[in-house]
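Below: data_15.cif (mmCIF, C-alpha atoms and all ligand atoms)
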data_upload
loop_
_atom_site.label_atom_id
_atom_site.label_comp_id
_atom_site.auth_asym_id
_atom_site.auth_seq_id
_atom_site.Cartn_x
_atom_site.Cartn_y
_atom_site.Cartn_z
CA MET G 22 131.25 69.22 -108.57
CA ASN G 23 133.17 72.50 -108.23
CA ILE G 24 132.90 73.98 -104.75
CA LEU G 25 134.02 77.45 -103.76
CA ILE G 26 134.83 77.97 -100.08
CA THR G 27 135.26 81.55 -98.91
CA GLY G 28 137.24 81.85 -95.69
CA GLY G 29 138.62 78.34 -96.20
CA ALA G 30 141.87 79.19 -94.41
CA GLY G 31 139.94 80.12 -91.27
CA TYR G 32 138.87 78.02 -88.31
CA ILE G 33 135.51 76.61 -89.44
CA GLY G 34 136.11 76.92 -93.19
CA SER G 35 139.29 74.83 -92.95
CA HIS G 36 137.48 72.00 -91.14
CA VAL G 37 134.85 71.90 -93.89
CA ALA G 38 137.59 72.01 -96.55
CA LYS G 39 139.38 69.16 -94.74
CA GLN G 40 136.29 66.94 -94.84
CA LEU G 41 135.57 67.75 -98.49
CA LEU G 42 139.17 66.91 -99.41
CA GLU G 43 139.20 63.75 -97.32
CA PHE G 44 135.75 62.29 -97.90
CA THR G 45 134.60 63.54 -101.33
CA SER G 46 136.03 63.96 -104.81
CA HIS G 47 134.66 67.47 -105.40
CA LYS G 48 137.05 70.06 -106.82
CA ILE G 49 137.76 72.71 -104.23
CA LEU G 50 138.60 76.37 -104.70
CA ILE G 51 139.40 78.37 -101.57
CA LEU G 52 139.16 82.17 -101.47
CA ASP G 53 140.63 83.88 -98.43
CA ASN G 54 142.23 87.27 -97.79
CA LEU G 55 144.38 85.67 -95.04
CA SER G 56 143.52 88.48 -92.61
CA THR G 57 142.64 85.92 -89.94
CA GLY G 58 143.03 82.72 -91.93
CA SER G 59 146.34 80.89 -91.86
CA LYS G 60 148.78 79.94 -94.64
CA LYS G 61 149.99 77.07 -92.50
CA THR G 62 146.47 75.65 -92.41
CA LEU G 63 146.32 75.77 -96.22
CA LYS G 64 149.62 73.92 -96.40
CA THR G 65 148.32 71.23 -94.04
CA LEU G 66 145.14 70.89 -96.13
CA SER G 67 147.19 70.48 -99.32
CA LEU G 68 148.78 67.35 -97.80
CA ILE G 69 145.35 65.68 -97.92
CA ARG G 70 144.59 66.46 -101.58
CA LYS G 71 145.26 69.21 -104.09
CA PHE G 72 142.98 72.23 -104.27
CA LYS G 73 143.07 75.69 -105.78
CA PHE G 74 143.68 78.75 -103.62
CA ILE G 75 143.19 82.41 -104.52
CA LYS G 76 144.16 85.13 -102.07
CA LEU G 77 141.34 87.59 -102.44
CA ASP G 78 139.28 89.97 -100.35
CA LEU G 79 135.55 89.72 -101.06
CA LYS G 80 135.36 93.51 -101.17
CA LYS G 81 137.07 93.32 -104.59
CA PHE G 82 133.73 92.91 -106.34
CA LYS G 83 135.04 92.77 -109.91
CA LYS G 84 137.66 90.16 -109.06
CA VAL G 85 135.10 88.03 -107.24
CA ASP G 86 132.92 88.15 -110.34
CA LYS G 87 135.90 87.15 -112.54
CA VAL G 88 136.67 84.16 -110.30
CA LEU G 89 133.08 82.97 -110.69
CA GLN G 90 133.12 83.57 -114.43
CA LYS G 91 136.30 81.54 -114.87
CA ASN G 92 135.55 78.60 -112.58
CA LYS G 93 132.26 76.85 -113.20
CA ILE G 94 131.18 76.81 -109.56
CA ASP G 95 128.16 74.67 -108.57
CA THR G 96 128.16 75.38 -104.85
CA ILE G 97 129.45 78.20 -102.65
CA ILE G 98 130.10 77.63 -98.95
CA HIS G 99 130.52 81.07 -97.48
CA PHE G 100 132.48 81.54 -94.23
CA ALA G 101 134.55 84.69 -94.79
CA ALA G 102 133.33 87.17 -92.20
CA SER G 103 134.24 89.22 -89.14
CA ILE G 104 133.06 87.49 -85.97
CA VAL G 105 134.04 89.39 -82.81
CA VAL G 106 130.92 90.67 -81.07
CA PRO G 107 132.43 93.54 -78.97
CA GLU G 108 134.36 94.76 -82.02
CA SER G 109 131.10 94.85 -83.98
CA VAL G 110 129.66 97.22 -81.37
CA GLU G 111 132.68 99.55 -81.62
CA ASN G 112 132.99 99.34 -85.40
CA PRO G 113 129.59 98.42 -86.84
CA LEU G 114 130.42 99.55 -90.37
CA LYS G 115 133.25 97.02 -90.56
CA TYR G 116 130.65 94.31 -89.87
CA TYR G 117 128.01 95.62 -92.25
CA MET G 118 130.64 96.01 -95.00
CA ASN G 119 132.54 92.72 -94.44
CA ASN G 120 129.53 90.62 -93.63
CA THR G 121 126.41 92.06 -95.24
CA VAL G 122 127.73 94.05 -98.21
CA ASN G 123 130.35 91.51 -99.29
CA THR G 124 127.88 88.65 -98.88
CA THR G 125 125.31 90.52 -100.96
CA ASN G 126 127.85 90.97 -103.75
CA LEU G 127 128.85 87.31 -103.55
CA ILE G 128 125.19 86.28 -103.88
CA LYS G 129 124.81 88.65 -106.84
CA CYS G 130 127.87 87.15 -108.57
CA ALA G 131 126.64 83.64 -107.73
CA THR G 132 123.26 84.09 -109.41
CA LYS G 133 124.85 85.88 -112.37
CA ASN G 134 127.29 83.03 -112.96
CA GLY G 135 124.93 80.08 -112.56
CA VAL G 136 125.81 78.91 -109.04
CA LYS G 137 123.02 76.58 -107.92
CA LYS G 138 123.63 76.15 -104.19
CA PHE G 139 124.75 78.53 -101.47
CA ILE G 140 125.57 77.37 -97.94
CA PHE G 141 125.80 80.22 -95.47
CA SER G 142 127.35 80.35 -92.01
CA SER G 143 125.06 82.32 -89.76
CA THR G 144 124.92 82.43 -85.99
CA ALA G 145 122.78 81.97 -82.90
CA ALA G 146 123.48 85.68 -82.34
CA VAL G 147 120.50 86.33 -84.66
CA TYR G 148 118.24 85.24 -81.76
CA GLY G 149 119.63 87.96 -79.50
CA GLU G 150 118.86 87.63 -75.81
CA PRO G 151 116.13 85.00 -75.49
CA GLU G 152 113.84 85.78 -72.58
CA ASP G 153 111.81 82.63 -72.11
CA MET G 154 114.34 79.87 -72.87
CA SER G 155 112.20 76.77 -73.10
CA THR G 156 113.62 73.46 -71.92
CA GLU G 157 113.58 72.27 -75.54
CA GLY G 158 116.04 74.97 -76.58
CA ILE G 159 115.65 77.55 -79.32
CA ASP G 160 114.26 76.29 -82.60
CA GLU G 161 114.54 77.96 -85.99
CA ASN G 162 111.15 79.68 -85.62
CA TYR G 163 112.24 81.57 -82.53
CA ALA G 164 112.05 85.36 -82.97
CA THR G 165 115.20 86.87 -84.48
CA LYS G 166 116.19 89.98 -82.51
CA PRO G 167 119.96 90.49 -82.68
CA ILE G 168 121.41 92.67 -79.93
CA ASN G 169 124.67 93.54 -81.68
CA PRO G 170 125.82 94.54 -85.19
CA TYR G 171 127.52 91.15 -85.65
CA GLY G 172 124.21 89.29 -85.27
CA MET G 173 122.35 91.89 -87.33
CA SER G 174 124.92 91.79 -90.15
CA LYS G 175 124.37 88.03 -90.41
CA LEU G 176 120.58 88.28 -90.17
CA MET G 177 120.54 90.85 -92.99
CA SER G 178 122.62 88.50 -95.14
CA GLU G 179 120.14 85.71 -94.40
CA ARG G 180 117.37 87.95 -95.68
CA VAL G 181 119.26 88.79 -98.87
CA LEU G 182 119.69 85.06 -99.50
CA GLN G 183 116.03 84.29 -98.84
CA ASP G 184 114.73 87.05 -101.11
CA THR G 185 117.20 86.14 -103.87
CA ALA G 186 116.15 82.49 -103.77
CA LEU G 187 112.48 83.48 -103.90
CA ALA G 188 113.14 85.38 -107.12
CA ASN G 189 115.43 82.70 -108.67
CA SER G 190 113.94 79.22 -108.76
CA ASP G 191 117.26 77.58 -109.71
CA PHE G 192 119.17 79.11 -106.77
CA LYS G 193 118.91 77.35 -103.40
CA PHE G 194 120.43 77.97 -99.99
CA VAL G 195 121.03 76.37 -96.64
CA ILE G 196 121.55 78.75 -93.72
CA PHE G 197 123.22 77.26 -90.66
CA ARG G 198 122.89 79.10 -87.37
CA TYR G 199 125.88 78.06 -85.29
CA PHE G 200 125.78 77.90 -81.53
CA ASN G 201 129.19 77.83 -79.73
CA VAL G 202 131.73 76.17 -82.00
CA ALA G 203 134.84 74.75 -80.32
CA GLY G 204 137.51 72.04 -80.44
CA ALA G 205 139.91 71.01 -83.18
CA ASP G 206 140.45 68.35 -85.86
CA ILE G 207 139.87 64.83 -84.51
CA ASN G 208 142.87 62.92 -85.83
CA TYR G 209 144.49 60.02 -84.02
CA LYS G 210 148.13 59.06 -84.56
CA ASP G 211 149.21 55.96 -82.66
CA GLU G 212 146.00 56.35 -80.65
CA VAL G 213 147.07 59.83 -79.53
CA LEU G 214 144.90 62.78 -80.44
CA THR G 215 146.96 65.00 -82.76
CA PRO G 216 144.85 67.72 -84.41
CA ARG G 217 146.26 68.92 -87.73
CA ILE G 218 144.21 72.09 -87.82
CA GLY G 219 142.43 74.20 -85.22
CA GLN G 220 141.74 77.73 -84.11
CA SER G 221 144.79 79.87 -84.99
CA PHE G 222 143.23 83.31 -84.84
CA PRO G 223 145.19 85.50 -82.38
CA ASN G 224 143.33 87.41 -79.63
CA ALA G 225 140.49 84.90 -79.63
CA THR G 226 137.69 85.63 -77.18
CA HIS G 227 136.00 82.21 -77.04
CA LEU G 228 135.74 80.49 -73.68
CA ILE G 229 137.17 77.06 -74.65
CA LYS G 230 140.00 78.63 -76.63
CA ILE G 231 140.94 80.83 -73.68
CA ALA G 232 140.75 77.93 -71.21
CA SER G 233 142.98 75.83 -73.51
CA GLU G 234 145.51 78.69 -73.66
CA CYS G 235 145.59 78.70 -69.85
CA ALA G 236 146.02 74.91 -69.66
CA SER G 237 148.87 74.99 -72.18
CA GLY G 238 150.67 77.74 -70.26
CA LYS G 239 150.18 80.47 -72.88
CA ARG G 240 147.99 82.54 -70.62
CA GLU G 241 148.50 83.11 -66.93
CA LYS G 242 144.86 83.29 -65.88
CA MET G 243 141.34 83.71 -67.16
CA TYR G 244 138.18 85.46 -66.04
CA ILE G 245 134.61 84.30 -65.55
CA PHE G 246 132.30 87.04 -66.75
CA GLY G 247 129.68 87.06 -64.01
CA ASP G 248 128.20 84.52 -61.59
CA ASP G 249 124.88 86.25 -61.03
CA PHE G 250 122.96 84.83 -63.99
CA ALA G 251 119.74 82.87 -63.47
CA THR G 252 121.46 79.52 -64.05
CA ASN G 253 122.31 76.60 -61.74
CA ASP G 254 125.74 77.90 -60.73
CA GLY G 255 125.20 81.54 -61.73
CA THR G 256 127.54 81.45 -64.75
CA GLY G 257 126.48 81.64 -68.43
CA VAL G 258 125.25 78.48 -70.14
CA ARG G 259 126.03 77.69 -73.79
CA ASP G 260 125.63 74.84 -76.27
CA TYR G 261 129.18 73.88 -77.32
CA ILE G 262 129.45 71.98 -80.61
CA HIS G 263 132.60 70.33 -81.93
CA VAL G 264 133.86 71.94 -85.14
CA ASP G 265 134.06 68.58 -86.97
CA ASP G 266 130.39 67.84 -86.26
CA LEU G 267 129.50 71.34 -87.38
CA ALA G 268 131.56 70.81 -90.55
CA SER G 269 129.91 67.48 -91.39
CA ALA G 270 126.49 69.20 -91.60
CA HIS G 271 127.86 71.39 -94.41
CA ILE G 272 128.89 68.33 -96.40
CA LYS G 273 125.38 66.90 -95.90
CA ALA G 274 123.82 70.19 -97.02
CA ILE G 275 125.37 69.87 -100.49
CA ASP G 276 123.47 66.62 -101.19
CA TYR G 277 120.41 67.80 -99.28
CA LEU G 278 119.87 70.66 -101.72
CA GLU G 279 119.74 68.23 -104.68
CA ASP G 280 116.24 67.07 -103.69
CA ASN G 281 115.06 69.55 -101.10
CA GLN G 282 114.10 73.17 -100.79
CA SER G 283 116.14 75.98 -99.24
CA ASP G 284 115.98 76.06 -95.46
CA ILE G 285 117.45 77.29 -92.16
CA PHE G 286 118.97 74.95 -89.56
CA ASN G 287 120.38 75.41 -86.07
CA LEU G 288 123.65 73.64 -85.33
CA GLY G 289 124.22 72.71 -81.71
CA TYR G 290 123.82 69.60 -79.56
CA GLY G 291 120.83 70.83 -77.59
CA LYS G 292 122.76 70.62 -74.32
CA GLY G 293 124.02 73.42 -72.13
CA PHE G 294 127.18 73.73 -70.04
CA SER G 295 128.02 76.57 -67.68
CA VAL G 296 131.27 78.54 -67.79
CA LYS G 297 132.30 76.87 -64.52
CA GLU G 298 131.58 73.40 -65.94
CA VAL G 299 133.66 74.11 -69.04
CA ILE G 300 136.62 75.34 -67.00
CA GLU G 301 136.41 72.32 -64.65
CA THR G 302 136.28 69.99 -67.66
CA MET G 303 139.35 71.64 -69.20
CA LYS G 304 141.24 71.24 -65.91
CA LYS G 305 140.14 67.61 -65.60
CA VAL G 306 141.10 66.43 -69.11
CA THR G 307 144.42 68.27 -69.13
CA GLU G 308 145.26 67.65 -65.47
CA VAL G 309 146.45 71.26 -65.32
CA GLU G 310 145.39 73.66 -62.60
CA PHE G 311 145.19 77.31 -63.71
CA LYS G 312 144.06 80.57 -62.16
CA VAL G 313 140.48 81.72 -62.66
CA GLU G 314 139.10 85.02 -61.43
CA MET G 315 135.48 86.09 -61.15
CA ILE G 316 134.67 89.52 -62.60
CA SER G 317 131.46 91.30 -63.58
CA ARG G 318 129.32 90.41 -66.59
CA ARG G 319 130.45 91.16 -70.14
CA ALA G 320 128.06 93.48 -71.95
CA GLY G 321 125.43 91.73 -74.05
CA ASP G 322 125.95 88.17 -72.76
CA PRO G 323 122.68 86.25 -72.53
CA ALA G 324 122.33 83.87 -69.55
CA ILE G 325 121.44 80.73 -71.49
CA LEU G 326 121.65 79.83 -75.17
CA ILE G 327 120.82 76.26 -76.14
CA ALA G 328 119.84 75.02 -79.58
CA ASN G 329 116.96 72.86 -80.51
CA SER G 330 118.65 70.96 -83.32
CA SER G 331 115.99 68.34 -84.04
CA LYS G 332 115.34 69.84 -87.48
CA VAL G 333 118.82 69.22 -88.87
CA LYS G 334 118.85 65.74 -87.29
CA SER G 335 115.55 64.69 -88.82
CA LYS G 336 115.66 66.48 -92.17
CA MET G 337 119.36 66.01 -93.01
CA SER G 338 119.99 62.84 -90.97
CA TRP G 339 122.85 64.69 -89.33
CA THR G 340 124.37 62.53 -86.59
CA PRO G 341 126.95 64.16 -84.33
CA LYS G 342 130.01 62.08 -83.47
CA CYS G 343 131.79 64.30 -80.94
CA ASP G 344 128.95 65.24 -78.59
CA ASN G 345 131.26 65.10 -75.59
CA LEU G 346 132.56 68.17 -73.73
CA GLU G 347 135.70 66.32 -72.61
CA LEU G 348 136.60 65.51 -76.22
CA ILE G 349 135.93 69.10 -77.28
CA CYS G 350 138.19 70.45 -74.52
CA LYS G 351 140.88 67.81 -75.09
CA SER G 352 141.08 68.46 -78.84
CA ALA G 353 141.26 72.24 -78.27
CA PHE G 354 144.05 71.72 -75.73
CA GLU G 355 146.04 69.29 -77.89
CA TRP G 356 145.86 71.72 -80.80
CA GLU G 357 146.99 74.59 -78.59
CA SER G 358 149.92 72.55 -77.26
CA LEU G 359 150.96 71.14 -80.65
CA ARG G 360 151.04 74.43 -82.52
CA GLY G 361 153.45 75.87 -79.94
C1 LIG M 401 129.35 84.91 -79.24
C2 LIG M 401 128.36 84.84 -80.35
C3 LIG M 401 128.79 83.88 -81.42
C4 LIG M 401 130.11 84.32 -81.93
C5 LIG M 401 131.10 84.41 -80.79
C6 LIG M 401 132.36 85.05 -81.35
C7 LIG M 401 126.19 85.38 -79.48
C8 LIG M 401 124.89 84.83 -79.01
N1 LIG M 401 127.08 84.45 -79.82
O1 LIG M 401 129.31 83.68 -78.51
O2 LIG M 401 127.86 83.88 -82.46
O3 LIG M 401 130.58 83.43 -82.89
O4 LIG M 401 130.62 85.23 -79.75
O5 LIG M 401 132.98 85.91 -80.53
O6 LIG M 401 126.39 86.57 -79.57
N2 LIG M 401 133.27 83.66 -71.00
C9 LIG M 401 133.94 83.85 -69.80
N3 LIG M 401 135.27 84.14 -69.86
C10 LIG M 401 135.96 84.25 -71.03
C11 LIG M 401 135.27 84.05 -72.24
C12 LIG M 401 133.91 83.75 -72.19
O7 LIG M 401 133.35 83.76 -68.72
O8 LIG M 401 137.17 84.54 -71.00
C13 LIG M 401 131.84 83.28 -70.97
C14 LIG M 401 130.89 84.26 -71.66
O9 LIG M 401 130.48 85.26 -70.78
C15 LIG M 401 129.77 83.30 -72.08
C16 LIG M 401 130.49 81.98 -72.38
O10 LIG M 401 131.72 82.06 -71.67
O11 LIG M 401 128.86 83.07 -71.03
C17 LIG M 401 130.78 81.77 -73.85
O12 LIG M 401 131.42 82.94 -74.39
P1 LIG M 401 132.13 82.96 -75.83
O13 LIG M 401 132.94 81.73 -75.98
O14 LIG M 401 132.80 84.27 -75.97
O15 LIG M 401 130.94 82.85 -76.88
P2 LIG M 401 129.55 83.65 -76.95
O16 LIG M 401 129.69 85.02 -76.42
O17 LIG M 401 128.50 82.77 -76.34
#
Exercise: express the given structure as structure tokens:
Amino acid sequence: MNILITGGAGYIGSHVAKQLLEFTSHKILILDNLSTGSKKTLKTLSLIRKFKFIKLDLKKFKKVDKVLQKNKIDTIIHFAASIVVPESVENPLKYYMNNTVNTTNLIKCATKNGVKKFIFSSTAAVYGEPEDMSTEGIDENYATKPINPYGMSKLMSERVLQDTALANSDFKFVIFRYFNVAGADINYKDEVLTPRIGQSFPNATHLIKIASECASGKREKMYIFGDDFATNDGTGVRDYIHVDDLASAHIKAIDYLEDNQSDIFNLGYGKGFSVKEVIETMKKVTEVEFKVEMISRRAGDPAILIANSSKVKSKMSWTPKCDNLELICKSAFEWESLRG
């Protein structure tokens, strides 16, 4: 099978590429404009197995079409996107152009050139600020009410996919709504965890990334954004999922679409950890004490966001292997320390 991965030099895309190169024999073509993706990551991936890489921005519509005309692609796994929530509020058009418009063109080119399967990386941000978080977590039928352009740009792309599939019986999709993705490549050398790839994007805003930067001495201190939420310790609660578990669901989705209909799946563990718990876990696994300061809430942060992921477990037989906050923190820290 020929698989096209957009954004394959980025954080999540590279972990999916890694698993496809390691565990399958599919031919891989990566498209990336390298704006946030890393050349070094591509080099590391090429040590596993050969693949094709084209440096291309998805806004070059004609070139995207040419790539699809030339390479008989069966499946597209689409990651390339802008993902910083506060930036999406300041510069919404960047998000609607990069995320919604470019995705719409990619879907158009896909259907035109006979692509059969499309796997799309969406986000829990499509659910917005859930009011009545049930103890079972948010399932896929929960109302979608994004509270920022990032979430809306992804929800609009979801809709384009759904409508396109309705009108084209030989075009199927899987939409994954990610909860909080964290950690780095699980790779043991002499029984020591030595991630080969991880989050390289500068100016990252994610909690576990920031805590790992503090533990590795790259950052002097970090802030907790509010301790007045309606949670056990007052700090925000999220469902942190290891990037390798998240990636493995994408590999499953390729086979799933052979015999099943298009569908939407949450990806999380269904367990919540508070900001304080995450920071304590990072300090515990790294044995590093770092400064943490409490400040006021960050705009638009919901109190609790936990997935109900029973659908992907039952329908795709997806079985997480790294459902362990210590392992998530440790892998993020080892990656941060190794990459210098
Ligand atoms: C959000 C998006 C997610 C997106 C990600 C990228 C939603 C629902 N989710 O996740 O789809 O991929 O941003 O930016 O919009 N925190 C601190 N201090 C820090 C950093 C974070 O206290 O230095 C707290 C936050 O307030 C939050 C939790 O840690 O309670 C997690 O934050 P973060 O890692 O930024 O992810 P989300 O905002 O949940």
If the box runs along x, y and z of the file and leaves 6 Å on each side of segment 271-274 of chain G, what are its centre and edge lengths in Å, one decimal, as JSON?
{"center_x": 126.4, "center_y": 69.1, "center_z": -95.7, "size_x": 17.1, "size_y": 16.5, "size_z": 14.6}
Would you work out the distance separating atom CA of Lys351 of chain G from atom O12 of ligand LIG 401 (chain M), expressed in Å to one decimal?
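Separation between atom CA of Lys351 of chain G and atom O12 of ligand LIG 401 (chain M): 17.9 Å.
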Between G:Asp260, G:Asp280, G:Glu108, G:Asp53, which residue has the minimum interatomic distance to Gly158 of chain G, considering only C-alpha atoms?
G:Asp260
Residues near Thr57 of chain G, anyone? I mean within 9 Å using all atoms listed in the file, not counting same-chain ones fewer than 6 positions away, as a list in words.
Gly28, Ala30, Gly31, Tyr32, Ser221, Phe222 and Pro223 of chain G
What do you get as a PyMOL selection string if you pick all residues at most 6 Å from ligand LIG 401 (chain M), counting all atoms listed in the file?
chain G and resi 104-106+144-146+201+226-228+231+243-246+257-258+296+319+322
Generate a file of the selected residues that holds C-alpha atoms, formatted as an mmCIF file, in the frame of the given file.
data_model
loop_
_atom_site.group_PDB
_atom_site.id
_atom_site.type_symbol
_atom_site.label_atom_id
_atom_site.label_comp_id
_atom_site.auth_asym_id
_atom_site.auth_seq_id
_atom_site.Cartn_x
_atom_site.Cartn_y
_atom_site.Cartn_z
ATOM 1 C CA ILE G 104 133.060 87.490 -85.970
ATOM 2 C CA VAL G 105 134.040 89.390 -82.810
ATOM 3 C CA VAL G 106 130.920 90.670 -81.070
ATOM 4 C CA THR G 144 124.920 82.430 -85.990
ATOM 5 C CA ALA G 145 122.780 81.970 -82.900
ATOM 6 C CA ALA G 146 123.480 85.680 -82.340
ATOM 7 C CA ASN G 201 129.190 77.830 -79.730
ATOM 8 C CA THR G 226 137.690 85.630 -77.180
ATOM 9 C CA HIS G 227 136.000 82.210 -77.040
ATOM 10 C CA LEU G 228 135.740 80.490 -73.680
ATOM 11 C CA ILE G 231 140.940 80.830 -73.680
ATOM 12 C CA MET G 243 141.340 83.710 -67.160
ATOM 13 C CA TYR G 244 138.180 85.460 -66.040
ATOM 14 C CA ILE G 245 134.610 84.300 -65.550
ATOM 15 C CA PHE G 246 132.300 87.040 -66.750
ATOM 16 C CA GLY G 257 126.480 81.640 -68.430
ATOM 17 C CA VAL G 258 125.250 78.480 -70.140
ATOM 18 C CA VAL G 296 131.270 78.540 -67.790
ATOM 19 C CA ARG G 319 130.450 91.160 -70.140
ATOM 20 C CA ASP G 322 125.950 88.170 -72.760
#
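Atom CA of Ser283 of chain G is found 20.3 Å from atom CA of Phe200 of chain G.
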Between atom CA of Gly238 of chain G and atom CA of Lys312 of chain G, what distance in Å does the model show, to one decimal?
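Interatomic distance here is 10.8 Å.
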Would you list the contacts of Val37 of chain G as a list of chain:residue names, taking every protein, DNA or RNA residue within 8 Å and counting all atoms listed in the file, but skipping same-chain residues closer than 2 positions in sequence?
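These residues fall inside the cut-off: G:Gly29, G:Ile33, G:Gly34, G:Ser35, G:Lys39, G:Gln40, G:Leu41, G:Asp265, G:Ala268, G:Ser269, G:His271, G:Ile272.
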When distances are computed from all atoms listed in the file, which of G:Lys137, G:Asp254, G:Asn112, G:Ala101 shows the smallest separation from Asn23 of chain G?
G:Lys137
